[in-house]
file upload-v4.cif (mmCIF, N, CA and C atoms)
data_start
loop_
_atom_site.label_atom_id
_atom_site.label_comp_id
_atom_site.auth_asym_id
_atom_site.auth_seq_id
_atom_site.Cartn_x
_atom_site.Cartn_y
_atom_site.Cartn_z
N MET A 92 224.80 13.83 6.98
CA MET A 92 225.91 14.32 6.19
C MET A 92 226.19 13.34 5.06
N LYS A 93 226.33 13.89 3.88
CA LYS A 93 226.58 13.07 2.71
C LYS A 93 227.92 13.44 2.10
N ILE A 94 228.72 12.43 1.80
CA ILE A 94 230.00 12.66 1.15
C ILE A 94 229.76 12.63 -0.36
N SER A 95 230.26 13.64 -1.07
CA SER A 95 230.05 13.74 -2.51
C SER A 95 230.96 12.78 -3.26
N THR A 96 230.78 12.74 -4.58
CA THR A 96 231.66 11.90 -5.40
C THR A 96 233.10 12.39 -5.31
N LYS A 97 233.31 13.69 -5.14
CA LYS A 97 234.68 14.19 -4.99
C LYS A 97 235.35 13.56 -3.78
N GLY A 98 234.64 13.48 -2.69
CA GLY A 98 235.19 12.87 -1.48
C GLY A 98 235.41 11.38 -1.65
N ARG A 99 234.43 10.69 -2.20
CA ARG A 99 234.53 9.24 -2.36
C ARG A 99 235.63 8.87 -3.37
N TYR A 100 235.65 9.57 -4.50
CA TYR A 100 236.66 9.29 -5.51
C TYR A 100 238.04 9.71 -5.03
N GLY A 101 238.11 10.79 -4.27
CA GLY A 101 239.38 11.22 -3.69
C GLY A 101 239.95 10.15 -2.77
N MET A 102 239.09 9.52 -2.00
CA MET A 102 239.54 8.44 -1.12
C MET A 102 240.07 7.27 -1.95
N ARG A 103 239.35 6.90 -3.00
CA ARG A 103 239.78 5.78 -3.84
C ARG A 103 241.10 6.10 -4.54
N LEU A 104 241.25 7.32 -5.00
CA LEU A 104 242.50 7.77 -5.62
C LEU A 104 243.65 7.66 -4.63
N MET A 105 243.42 8.12 -3.41
CA MET A 105 244.48 8.09 -2.40
C MET A 105 244.84 6.66 -1.99
N VAL A 106 243.87 5.77 -1.95
CA VAL A 106 244.17 4.36 -1.66
C VAL A 106 245.07 3.81 -2.76
N GLU A 107 244.75 4.11 -4.01
CA GLU A 107 245.58 3.65 -5.13
C GLU A 107 247.02 4.16 -4.97
N LEU A 108 247.17 5.43 -4.61
CA LEU A 108 248.51 5.98 -4.43
C LEU A 108 249.19 5.38 -3.20
N GLY A 109 248.41 5.08 -2.19
CA GLY A 109 248.95 4.43 -1.00
C GLY A 109 249.46 3.03 -1.30
N LEU A 110 248.76 2.32 -2.14
CA LEU A 110 249.18 0.97 -2.54
C LEU A 110 250.52 1.00 -3.28
N ALA A 111 250.76 2.09 -4.00
CA ALA A 111 251.97 2.22 -4.80
C ALA A 111 253.02 3.11 -4.12
N TYR A 112 252.87 3.36 -2.84
CA TYR A 112 253.71 4.34 -2.15
C TYR A 112 255.21 4.12 -2.36
N GLU A 113 255.66 2.91 -2.27
CA GLU A 113 257.11 2.65 -2.37
C GLU A 113 257.55 2.33 -3.80
N GLY A 114 256.64 2.42 -4.74
CA GLY A 114 256.96 2.13 -6.13
C GLY A 114 257.09 3.39 -6.95
N LYS A 115 256.92 3.23 -8.25
CA LYS A 115 257.03 4.38 -9.15
C LYS A 115 255.70 5.13 -9.19
N PRO A 116 255.73 6.36 -9.71
CA PRO A 116 254.50 7.15 -9.81
C PRO A 116 253.42 6.42 -10.62
N VAL A 117 252.17 6.72 -10.31
CA VAL A 117 251.03 6.07 -10.95
C VAL A 117 250.32 7.08 -11.84
N SER A 118 249.98 6.67 -13.05
CA SER A 118 249.29 7.59 -13.96
C SER A 118 247.81 7.66 -13.61
N LEU A 119 247.24 8.84 -13.84
CA LEU A 119 245.80 9.00 -13.61
C LEU A 119 245.00 8.12 -14.55
N ARG A 120 245.52 7.91 -15.74
CA ARG A 120 244.83 7.06 -16.71
C ARG A 120 244.66 5.65 -16.13
N ASP A 121 245.71 5.11 -15.52
CA ASP A 121 245.63 3.77 -14.93
C ASP A 121 244.64 3.73 -13.76
N ILE A 122 244.71 4.75 -12.92
CA ILE A 122 243.78 4.81 -11.78
C ILE A 122 242.35 4.93 -12.28
N ALA A 123 242.13 5.80 -13.25
CA ALA A 123 240.79 6.00 -13.80
C ALA A 123 240.22 4.70 -14.35
N LYS A 124 241.07 3.96 -15.05
CA LYS A 124 240.62 2.70 -15.64
C LYS A 124 240.27 1.68 -14.55
N ARG A 125 241.16 1.52 -13.57
CA ARG A 125 240.92 0.54 -12.50
C ARG A 125 239.72 0.91 -11.65
N GLN A 126 239.55 2.19 -11.40
CA GLN A 126 238.47 2.64 -10.51
C GLN A 126 237.18 2.99 -11.25
N GLU A 127 237.24 2.94 -12.58
CA GLU A 127 236.08 3.28 -13.41
C GLU A 127 235.55 4.68 -13.09
N ILE A 128 236.49 5.62 -13.12
CA ILE A 128 236.20 7.03 -12.86
C ILE A 128 236.75 7.83 -14.02
N SER A 129 236.07 8.89 -14.40
CA SER A 129 236.55 9.76 -15.47
C SER A 129 237.92 10.34 -15.13
N GLU A 130 238.83 10.25 -16.08
CA GLU A 130 240.17 10.80 -15.88
C GLU A 130 240.11 12.31 -15.65
N LYS A 131 239.24 12.98 -16.37
CA LYS A 131 239.08 14.44 -16.22
C LYS A 131 238.63 14.80 -14.80
N TYR A 132 237.72 14.00 -14.26
CA TYR A 132 237.24 14.25 -12.90
C TYR A 132 238.37 14.01 -11.89
N LEU A 133 239.15 12.96 -12.11
CA LEU A 133 240.29 12.68 -11.23
C LEU A 133 241.32 13.81 -11.29
N GLU A 134 241.49 14.43 -12.45
CA GLU A 134 242.42 15.56 -12.58
C GLU A 134 242.02 16.70 -11.65
N GLN A 135 240.73 16.98 -11.58
CA GLN A 135 240.24 18.04 -10.69
C GLN A 135 240.54 17.70 -9.23
N ILE A 136 240.32 16.45 -8.88
CA ILE A 136 240.52 16.02 -7.50
C ILE A 136 242.01 16.01 -7.14
N VAL A 137 242.85 15.47 -8.03
CA VAL A 137 244.27 15.37 -7.73
C VAL A 137 244.91 16.76 -7.66
N THR A 138 244.37 17.71 -8.40
CA THR A 138 244.86 19.09 -8.32
C THR A 138 244.66 19.64 -6.91
N ARG A 139 243.49 19.43 -6.36
CA ARG A 139 243.20 19.88 -4.99
C ARG A 139 244.14 19.20 -3.98
N LEU A 140 244.30 17.89 -4.16
CA LEU A 140 245.16 17.13 -3.24
C LEU A 140 246.61 17.59 -3.35
N GLY A 141 247.03 17.96 -4.56
CA GLY A 141 248.38 18.47 -4.76
C GLY A 141 248.59 19.82 -4.08
N LYS A 142 247.62 20.71 -4.25
CA LYS A 142 247.71 22.04 -3.63
C LYS A 142 247.74 21.94 -2.11
N ALA A 143 247.12 20.90 -1.58
CA ALA A 143 247.09 20.70 -0.13
C ALA A 143 248.35 20.00 0.39
N GLY A 144 249.23 19.59 -0.53
CA GLY A 144 250.48 18.96 -0.12
C GLY A 144 250.37 17.48 0.20
N LEU A 145 249.31 16.86 -0.26
CA LEU A 145 249.15 15.42 -0.02
C LEU A 145 249.68 14.57 -1.17
N VAL A 146 249.72 15.15 -2.37
CA VAL A 146 250.11 14.42 -3.57
C VAL A 146 251.10 15.27 -4.36
N LYS A 147 252.05 14.62 -5.01
CA LYS A 147 252.95 15.35 -5.90
C LYS A 147 252.96 14.68 -7.26
N SER A 148 253.25 15.45 -8.28
CA SER A 148 253.26 14.91 -9.64
C SER A 148 254.68 14.91 -10.19
N THR A 149 254.90 13.97 -11.11
CA THR A 149 256.17 13.88 -11.82
C THR A 149 255.84 13.88 -13.30
N ARG A 150 256.48 14.74 -14.05
CA ARG A 150 256.23 14.82 -15.49
C ARG A 150 257.08 13.81 -16.24
N GLY A 151 256.68 13.59 -17.48
CA GLY A 151 257.48 12.75 -18.36
C GLY A 151 256.89 11.38 -18.59
N ALA A 152 257.59 10.60 -19.39
CA ALA A 152 257.12 9.28 -19.79
C ALA A 152 256.91 8.35 -18.60
N GLN A 153 257.78 8.46 -17.61
CA GLN A 153 257.65 7.63 -16.40
C GLN A 153 256.97 8.39 -15.27
N GLY A 154 256.30 9.47 -15.64
CA GLY A 154 255.67 10.34 -14.64
C GLY A 154 254.35 9.79 -14.13
N GLY A 155 253.76 10.57 -13.27
CA GLY A 155 252.49 10.21 -12.67
C GLY A 155 252.36 10.89 -11.32
N TYR A 156 251.63 10.27 -10.43
CA TYR A 156 251.37 10.85 -9.12
C TYR A 156 251.81 9.91 -8.03
N ARG A 157 252.21 10.51 -6.92
CA ARG A 157 252.57 9.74 -5.73
C ARG A 157 252.24 10.55 -4.49
N LEU A 158 252.21 9.89 -3.38
CA LEU A 158 251.92 10.56 -2.12
C LEU A 158 253.10 11.43 -1.72
N GLU A 159 252.81 12.55 -1.11
CA GLU A 159 253.84 13.48 -0.63
C GLU A 159 254.46 13.00 0.69
N MET A 160 253.71 12.15 1.42
CA MET A 160 254.19 11.63 2.70
C MET A 160 253.71 10.19 2.88
N GLU A 161 254.16 9.54 3.90
CA GLU A 161 253.78 8.16 4.14
C GLU A 161 252.27 8.05 4.37
N PRO A 162 251.66 6.95 3.93
CA PRO A 162 250.23 6.75 4.13
C PRO A 162 249.81 6.77 5.61
N SER A 163 250.72 6.42 6.48
CA SER A 163 250.40 6.43 7.92
C SER A 163 250.30 7.85 8.47
N GLN A 164 250.78 8.83 7.70
CA GLN A 164 250.75 10.23 8.14
C GLN A 164 249.54 10.99 7.59
N ILE A 165 248.73 10.34 6.78
CA ILE A 165 247.56 10.97 6.16
C ILE A 165 246.31 10.33 6.74
N THR A 166 245.37 11.14 7.18
CA THR A 166 244.11 10.59 7.71
C THR A 166 242.97 10.76 6.70
N VAL A 167 241.94 10.01 6.93
CA VAL A 167 240.72 10.15 6.13
C VAL A 167 240.22 11.60 6.25
N GLY A 168 240.32 12.16 7.44
CA GLY A 168 239.91 13.56 7.64
C GLY A 168 240.70 14.52 6.77
N ASP A 169 242.01 14.29 6.64
CA ASP A 169 242.83 15.15 5.77
C ASP A 169 242.29 15.13 4.34
N ILE A 170 242.01 13.94 3.86
CA ILE A 170 241.54 13.78 2.47
C ILE A 170 240.17 14.42 2.28
N LEU A 171 239.27 14.14 3.22
CA LEU A 171 237.90 14.67 3.09
C LEU A 171 237.86 16.19 3.21
N ARG A 172 238.68 16.77 4.06
CA ARG A 172 238.68 18.23 4.19
C ARG A 172 239.15 18.89 2.90
N VAL A 173 240.08 18.24 2.19
CA VAL A 173 240.56 18.79 0.91
C VAL A 173 239.49 18.63 -0.16
N THR A 174 238.87 17.47 -0.22
CA THR A 174 237.91 17.20 -1.31
C THR A 174 236.51 17.73 -1.03
N GLU A 175 236.12 17.76 0.23
CA GLU A 175 234.77 18.16 0.59
C GLU A 175 234.68 19.58 1.16
N GLY A 176 235.77 20.08 1.70
CA GLY A 176 235.72 21.34 2.42
C GLY A 176 235.35 21.07 3.87
N SER A 177 234.55 21.90 4.44
CA SER A 177 234.16 21.76 5.84
C SER A 177 233.39 20.46 6.06
N LEU A 178 233.63 19.82 7.19
CA LEU A 178 232.90 18.60 7.54
C LEU A 178 231.76 18.88 8.51
N THR A 179 231.43 20.15 8.68
CA THR A 179 230.34 20.48 9.60
C THR A 179 228.99 20.11 8.98
N PRO A 180 228.11 19.54 9.80
CA PRO A 180 226.81 19.10 9.26
C PRO A 180 225.85 20.25 8.97
N VAL A 181 226.04 21.40 9.62
CA VAL A 181 225.19 22.57 9.37
C VAL A 181 226.04 23.83 9.38
N ALA A 182 225.63 24.82 8.61
CA ALA A 182 226.42 26.04 8.43
C ALA A 182 226.61 26.83 9.72
N CYS A 183 225.66 26.75 10.63
CA CYS A 183 225.76 27.57 11.84
C CYS A 183 226.97 27.21 12.70
N LEU A 184 227.50 26.01 12.56
CA LEU A 184 228.69 25.64 13.32
C LEU A 184 229.93 26.38 12.83
N ASP A 185 229.91 26.77 11.56
CA ASP A 185 231.02 27.53 10.99
C ASP A 185 230.87 29.03 11.23
N ASP A 186 229.70 29.44 11.66
CA ASP A 186 229.39 30.87 11.81
C ASP A 186 229.51 31.28 13.27
N ASP A 187 230.65 31.90 13.62
CA ASP A 187 230.85 32.35 15.01
C ASP A 187 229.91 33.48 15.39
N GLU A 188 229.32 34.09 14.41
CA GLU A 188 228.43 35.23 14.64
C GLU A 188 226.96 34.85 14.67
N CYS A 189 226.65 33.57 14.72
CA CYS A 189 225.25 33.15 14.71
C CYS A 189 224.52 33.77 15.90
N PRO A 190 223.50 34.58 15.64
CA PRO A 190 222.81 35.26 16.74
C PRO A 190 221.95 34.31 17.59
N ARG A 191 221.67 33.14 17.10
CA ARG A 191 220.82 32.19 17.83
C ARG A 191 221.60 31.17 18.64
N ARG A 192 222.90 31.17 18.52
CA ARG A 192 223.73 30.11 19.10
C ARG A 192 223.42 29.87 20.58
N GLU A 193 223.36 30.89 21.38
CA GLU A 193 223.18 30.72 22.83
C GLU A 193 221.81 30.17 23.21
N ARG A 194 220.80 30.41 22.40
CA ARG A 194 219.46 29.93 22.76
C ARG A 194 218.96 28.79 21.86
N CYS A 195 219.77 28.38 20.93
CA CYS A 195 219.37 27.34 19.98
C CYS A 195 219.44 25.96 20.64
N VAL A 196 218.33 25.27 20.65
CA VAL A 196 218.24 23.96 21.28
C VAL A 196 218.99 22.90 20.48
N THR A 197 219.03 23.03 19.16
CA THR A 197 219.65 22.00 18.34
C THR A 197 221.15 22.21 18.12
N TYR A 198 221.67 23.36 18.51
CA TYR A 198 223.09 23.64 18.30
C TYR A 198 223.97 22.55 18.92
N SER A 199 223.65 22.12 20.11
CA SER A 199 224.47 21.10 20.78
C SER A 199 224.40 19.75 20.05
N VAL A 200 223.25 19.47 19.43
CA VAL A 200 223.13 18.22 18.65
C VAL A 200 224.11 18.26 17.48
N TRP A 201 224.09 19.35 16.72
CA TRP A 201 224.96 19.47 15.54
C TRP A 201 226.43 19.49 15.96
N SER A 202 226.70 20.12 17.07
CA SER A 202 228.06 20.17 17.57
C SER A 202 228.57 18.77 17.94
N ARG A 203 227.73 18.00 18.57
CA ARG A 203 228.12 16.63 18.93
C ARG A 203 228.28 15.74 17.70
N VAL A 204 227.43 15.94 16.70
CA VAL A 204 227.57 15.19 15.44
C VAL A 204 228.92 15.53 14.80
N GLN A 205 229.26 16.81 14.76
CA GLN A 205 230.54 17.22 14.18
C GLN A 205 231.71 16.62 14.96
N GLU A 206 231.65 16.65 16.27
CA GLU A 206 232.73 16.08 17.09
C GLU A 206 232.90 14.58 16.81
N ALA A 207 231.79 13.87 16.69
CA ALA A 207 231.85 12.42 16.43
C ALA A 207 232.46 12.13 15.06
N VAL A 208 232.03 12.86 14.05
CA VAL A 208 232.56 12.67 12.70
C VAL A 208 234.05 12.98 12.68
N THR A 209 234.42 14.10 13.27
CA THR A 209 235.82 14.51 13.30
C THR A 209 236.68 13.46 14.00
N ARG A 210 236.20 12.97 15.12
CA ARG A 210 236.95 11.96 15.88
C ARG A 210 237.20 10.71 15.02
N VAL A 211 236.18 10.26 14.30
CA VAL A 211 236.32 9.06 13.48
C VAL A 211 237.26 9.29 12.30
N VAL A 212 237.02 10.33 11.51
CA VAL A 212 237.82 10.52 10.29
C VAL A 212 239.27 10.89 10.59
N ASP A 213 239.52 11.48 11.75
CA ASP A 213 240.89 11.83 12.10
C ASP A 213 241.66 10.69 12.75
N GLN A 214 240.99 9.60 13.05
CA GLN A 214 241.67 8.44 13.64
C GLN A 214 242.04 7.39 12.59
N ILE A 215 241.38 7.40 11.47
CA ILE A 215 241.64 6.39 10.43
C ILE A 215 242.69 6.92 9.47
N THR A 216 243.78 6.16 9.33
CA THR A 216 244.84 6.60 8.42
C THR A 216 244.68 5.94 7.06
N LEU A 217 245.32 6.54 6.09
CA LEU A 217 245.35 5.97 4.75
C LEU A 217 246.03 4.60 4.78
N GLN A 218 247.02 4.44 5.64
CA GLN A 218 247.70 3.15 5.75
C GLN A 218 246.72 2.05 6.17
N GLU A 219 245.80 2.37 7.06
CA GLU A 219 244.79 1.39 7.47
C GLU A 219 243.93 0.97 6.29
N LEU A 220 243.57 1.93 5.45
CA LEU A 220 242.76 1.61 4.27
C LEU A 220 243.56 0.76 3.28
N VAL A 221 244.83 1.07 3.11
CA VAL A 221 245.69 0.29 2.22
C VAL A 221 245.80 -1.14 2.75
N ASP A 222 246.01 -1.27 4.06
CA ASP A 222 246.09 -2.61 4.66
C ASP A 222 244.79 -3.37 4.50
N ASP A 223 243.66 -2.69 4.70
CA ASP A 223 242.35 -3.33 4.51
C ASP A 223 242.16 -3.77 3.07
N TYR A 224 242.57 -2.92 2.14
CA TYR A 224 242.46 -3.27 0.72
C TYR A 224 243.25 -4.55 0.44
N ARG A 225 244.47 -4.59 0.92
CA ARG A 225 245.31 -5.77 0.67
C ARG A 225 244.71 -7.03 1.28
N ARG A 226 244.16 -6.91 2.47
CA ARG A 226 243.52 -8.07 3.12
C ARG A 226 242.31 -8.54 2.32
N LYS A 227 241.51 -7.62 1.87
CA LYS A 227 240.28 -7.96 1.16
C LYS A 227 240.52 -8.42 -0.27
N ASN A 228 241.69 -8.12 -0.80
CA ASN A 228 241.98 -8.43 -2.19
C ASN A 228 243.23 -9.27 -2.36
N GLU A 229 243.51 -10.13 -1.40
CA GLU A 229 244.72 -10.95 -1.43
C GLU A 229 244.82 -11.78 -2.71
N GLU A 230 243.69 -12.26 -3.21
CA GLU A 230 243.73 -13.12 -4.39
C GLU A 230 243.97 -12.34 -5.67
N PHE A 231 243.86 -11.00 -5.60
CA PHE A 231 244.09 -10.16 -6.79
C PHE A 231 245.48 -9.55 -6.72
N SER A 232 246.00 -9.19 -7.86
CA SER A 232 247.31 -8.53 -7.87
C SER A 232 247.15 -7.14 -7.25
N PRO A 233 248.24 -6.61 -6.65
CA PRO A 233 248.16 -5.29 -6.04
C PRO A 233 247.79 -4.22 -7.07
N VAL A 234 247.11 -3.21 -6.55
CA VAL A 234 246.65 -2.06 -7.33
C VAL A 234 245.82 -2.54 -8.44
#
call {"tool": "encode", "arguments": {"input": "upload-v4.cif", "output": "structure tokens"}}
result
Amino acid sequence: MKISTKGRYGMRLMVELGLAYEGKPVSLRDIAKRQEISEKYLEQIVTRLGKAGLVKSTRGAQGGYRLEMEPSQITVGDILRVTEGSLTPVACLDDDECPRRERCVTYSVWSRVQEAVTRVVDQITLQELVDDYRRKNEEFSPV
């Protein structure tokens, strides 16, 4: 399973917003510059995150983006499902009508892979990533 740039950049965007959770809204321009990501591409990603209720926007001169809830309430799985869609490694896991399911030898392999991925991404919170960022970047200013 490969995570696309939407998923990876979405995670980086959310970490930036998590770092600024208790502060003022953060502009996409600032995030794009710090993360070296196209602002236009971030707009596409933040729109999805907004529709999913993870991010909210504020208009105006002091506007920008902020998290809709505490970073401890958002998991890596939440972010990846919004940016990537299904986390299933193969399409047949999403297809309840697969005619081969009962006799397919590899179905259980893919099912176990999906369970393992789901277990991991749903246990890691955005707060953990924010804390890791702060630990790894203590000598740098926040965000």
call {"tool": "select_by_dssp", "arguments": {"input": "upload-v4.cif", "residues": "chain A", "states": "alpha helix (DSSP H)", "output": "number ranges by chain"}}
result
A: 96-110, 119-126, 130-142, 167-175, 198-212, 217-227
call {"tool": "atom_distance", "arguments": {"input": "upload-v4.cif", "atom1": "CA of Pro162 in chain A", "atom2": "CA of Ala143 in chain A"}}
result
14.9 Å
call {"tool": "resolve_selection", "arguments": {"input": "upload-v4.cif", "expression": "the PyMOL selection byres ((chain A and resi 166-170) around 6)", "output": "list in words"}}
result
Gln164, Ile165, Leu171, Arg172, Val173, Thr174, Glu175, Val212, Asp213, Ile215, Thr216 and Leu217 of chain A
call {"tool": "closest_residue", "arguments": {"input": "upload-v4.cif", "among": "A:Ser129, A:Arg225, A:Gln218, A:Val204", "to": "Leu178 in chain A", "atoms": "only N, CA and C atoms"}}
result
A:Val204
call {"tool": "resolve_selection", "arguments": {"input": "upload-v4.cif", "expression": "the PyMOL selection byres (((chain A and resi 179-196 and name CA) around 6) and name CA)", "output": "list in words"}}
result
Met92, Ser177, Leu178, Thr197, Tyr198 and Gln205 of chain A
call {"tool": "closest_residue", "arguments": {"input": "upload-v4.cif", "among": "A:Leu110, A:Ile136, A:Leu104, A:Leu220", "to": "Lys124 in chain A", "atoms": "only C-alpha atoms"}}
result
A:Leu104
call {"tool": "atom_distance", "arguments": {"input": "upload-v4.cif", "atom1": "atom N of Lys115 in chain A", "atom2": "CA of Gln214 in chain A"}}
result
27.2 Å
call {"tool": "atom_distance", "arguments": {"input": "upload-v4.cif", "atom1": "atom C of Val137 in chain A", "atom2": "atom C of Glu229 in chain A"}}
result
29.0 Å
call {"tool": "axis_aligned_box", "arguments": {"input": "upload-v4.cif", "around": "range 180-198 of chain A", "padding_each_side": "4 Å", "output": "JSON"}}
result
{"center_x": 224.6, "center_y": 27.2, "center_z": 15.8, "size_x": 20.8, "size_y": 24.2, "size_z": 22.8}
call {"tool": "resolve_selection", "arguments": {"input": "upload-v4.cif", "expression": "the PyMOL selection byres ((chain A and resi 119) around 7)", "output": "PyMOL selection string"}}
result
chain A and resi 117-118+120-124+130+133+155-156
call {"tool": "select_by_dssp", "arguments": {"input": "upload-v4.cif", "residues": "chain A", "states": "strand (DSSP E)", "output": "list in words"}}
result
Val146, Lys147, Ser148, Thr149, Gly155, Tyr156, Arg157 and Leu158 of chain A
